[in-house]
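Working notes, beginning with the structure itself.
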Amino acid sequence: MTNRRTFLRSTAAVTAGFGLSGSLPVAAFSPSGILGANDKITVALIGARNMGWYNLTDLLKQPNVVCKTLCDVDDAVLSDKAGLLIKEGHQKPVLEKDYRKVLEDRDIDAVIVGTPDHWHCLPVVEACGAGKHVYVEKPLANSIAESNVMLDAARRNKSIVQVGQQQRSGGHWMSAMEFIRSGKLGTIRQVKFWANFNYGAGNMPVPDTGVPEGVDYERWLGPAPLRPFNLNRFHGSWRMFRDYGGGLMTDWGVHLIDMGLWAMDVDYAPKSVRSLGGNFANKDRALEMPDTLNVLYEMDGFNMSWEHNGGVQSGPYDQLYGVLFMGTNGTLVADRDKWRIFPEWEDEKWRMSQVEEVRSDDMSHINHCENFVRAIRYGDALNAEIEIGHRAALYAHLGNISYWTDDKVVYDEKLRKITNSVKADDMITPGYRAPWEFPG
Ligand SMILES: NC(=O)c1ccc[n+]([C@@H]2O[C@H](COP(=O)([O-])OP(=O)(O)OC[C@H]3O[C@@H](n4cnc5c(N)ncnc54)[C@H](O)[C@@H]3O)[C@@H](O)[C@H]2O)c1
């Protein structure tokens with residue numbers, strides 16, 4: 001009997017003969033076919049060390065989801081995670097270093113992309129072309145142009161792409177959104193985000209060394225420029241280096257800014273973005289991103305701003321990070337644990353009634369994984385569909401570009417260009433190191 005799943009498999013077989021070099025061809029079929037409720041969903045994990053692994057473990061808690069393959073460029077990560085899977089009673093995974101082989105496997109329905117940010121674009125574009133469903137970590141990409149081609153690939157192939165902005169699946173975030181939309185806060189004039197984390201200061205410098213045994217460093221670098229191996233630019237701490245990540249601005253920026261865009265129903269690019277900052281406090285550390293950054297987004301009818309301070313772990317409202325909506329009647333302040341209201345008063349009268357603090361149920365990540373599986377099985381709407389990741393990434397990257405150019409930037413979403421500065425516009429698209437090619 002041909003069901004949608006066997007159809008997907010047989011059409012994937014058509015693409016399998018195209019070999020491993022370069023981008024996979026765009027398949028002439030739509031992977032949006034919905035699996036039956038009892039069909040097994042076979043997943044593969046690409047980039048297995050930290051967040052990718054967390055995603056896999058929560059996906060495996062969903063009914064009838066199995067992992068066939070682990071893909072990583074570090075043998076130690078592969079054997080460690082394979083051991084954990086077997087210990088937890090899952091099938092012995094196939095181990096793979098080249099993600100393109102994973103995408104050629106017709107058994108695999110969905111891939112998790114948990115690689116560093118510079119390694120999101122190619123696997124996602126090619127996975128969409130190969131008819132796979134995708135759960136990709138945030139920020140969607142390490143540049144605006146990559147994010148654009150990923151959105152295009154998902155649309156062209158009608159792919160199911162969930163972005164790892166799991167706050168979208170958090171109950172207390174949903175209730176905060178509902179509260180903001182109820183109008184009780186009055187007119188919202190300011191939306192603010194801040195993120196103060198020690199890791200944003202970078203590590204102490206260490207000398208370049210040889211590549212650890214079992215690591216395919218050339219493949220880890222992928223499209224990024226060739227540089228000697230340095231532990232600070234590797235697992236986990238790559239975030240502070242421009243070729244692989246965008247520092248706190250993108251790492252936390254996409255999560256928090258997304259809450260502002262969601263609450264304020266923003267479906268447009270900012271009218272302009274201006275950032276100021278620098279590595280002011282941690283000059284002795286190994287980092288390329290600013291430890292201190294303030295960004296002002298010009299929006300329709302309200303001000304929106306981002307601030308981060310690496311090497312600091314305290315902040316406004318006794319929260320090291322947060323989101324704030326200031327209305328005429330009161331201010332809502334939220335983080336991943338809770339949201340609270342600070343009512344305004346006038347002439348000894350409150351402008352709105354006091355509201356009890358709303359606590360998180362800590363279910364956002366597992367809900368997000370469940371939502372992805374339900375989208376595949378039943379066609380449920382995704383909570384963080386690729387467009388949502390695409391918009392949040394745009395805001396975060398524009399913040400960094402304004403910092404790098406030390407100038408205001410104006411982005412035209414239709415033209416996909418920064419229109420007021422050639423220098424800034426050049427930063428939209430990264431150079432890709434051969435043999436990797438920017439997907440066109
Ligand atoms: N949603 C969240 O809350 C959240 C939290 C943490 C990280 N993240 C995101 O998850 C992603 C991964 O971050 P991390 O902290 O897990 O990084 P990490 O450095 O700990 O792990 C990345 C893994 O990818 C592997 N890798 C690199 N290139 C590869 C390639 N070409 N093919 C296969 N594997 C490759 C590395 O060897 C490593 O094992 C990032 O995009 C990050 O922003 C999201």
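We label chains A, B, ... in the order they appear in the structure tokens, count residues from 1 in each chain, and number ligands from 1 in the order shown.
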Residues up to 8 Å from ligand 1, counting only C-alpha atoms and all ligand atoms: could you list those as number ranges by chain?
-> A: 46-53, 71-74, 77, 97-99, 113-120, 136-141, 164-166, 215, 219-222, 234-239, 245, 250-251, 255
Can you tell me, as JSON, numbers by chain, what residues are no more than 12 Å from Ile418 (chain A) when counting only C-alpha atoms, ignoring any on the same chain fewer than 5 positions away?
-> {"A": [144, 145, 269, 270, 271, 272, 273, 394, 397, 398, 401, 402, 405, 407, 408, 409, 410, 411, 412, 413, 423, 424, 425, 426, 427, 428, 429]}
So which residues touch region 353-368 of chain A within 12 Å, counting only C-alpha atoms, skipping near sequence neighbours fewer than 5 positions away, as a count of residues only?
-> 58
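Of the residues in region 113-279 of chain A, those given strand (DSSP E) by DSSP on the backbone are Val113, His133, Val134, Tyr135, Val136, Val161, Gln162, Val163, Ile188, Arg189, Gln190, Val191, Lys192, Phe193, Trp194, Ala195, Asn196, Phe197, Ser272, Val273, Arg274, Ser275, Leu276, Gly277 and Gly278 of chain A.
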Tell me, which residues of region 350-440 of chain A carry DSSP alpha helix (DSSP H), written as a PyMOL selection string?
-> chain A and resi 364-378+386-405+422-426
Using only C-alpha atoms, which residues sit within 8 Å of Asp243 (chain A) once same-chain residues fewer than 3 positions away are excluded, as a list in words?
-> His118, Asn142, Ala224 and Pro225 of chain A
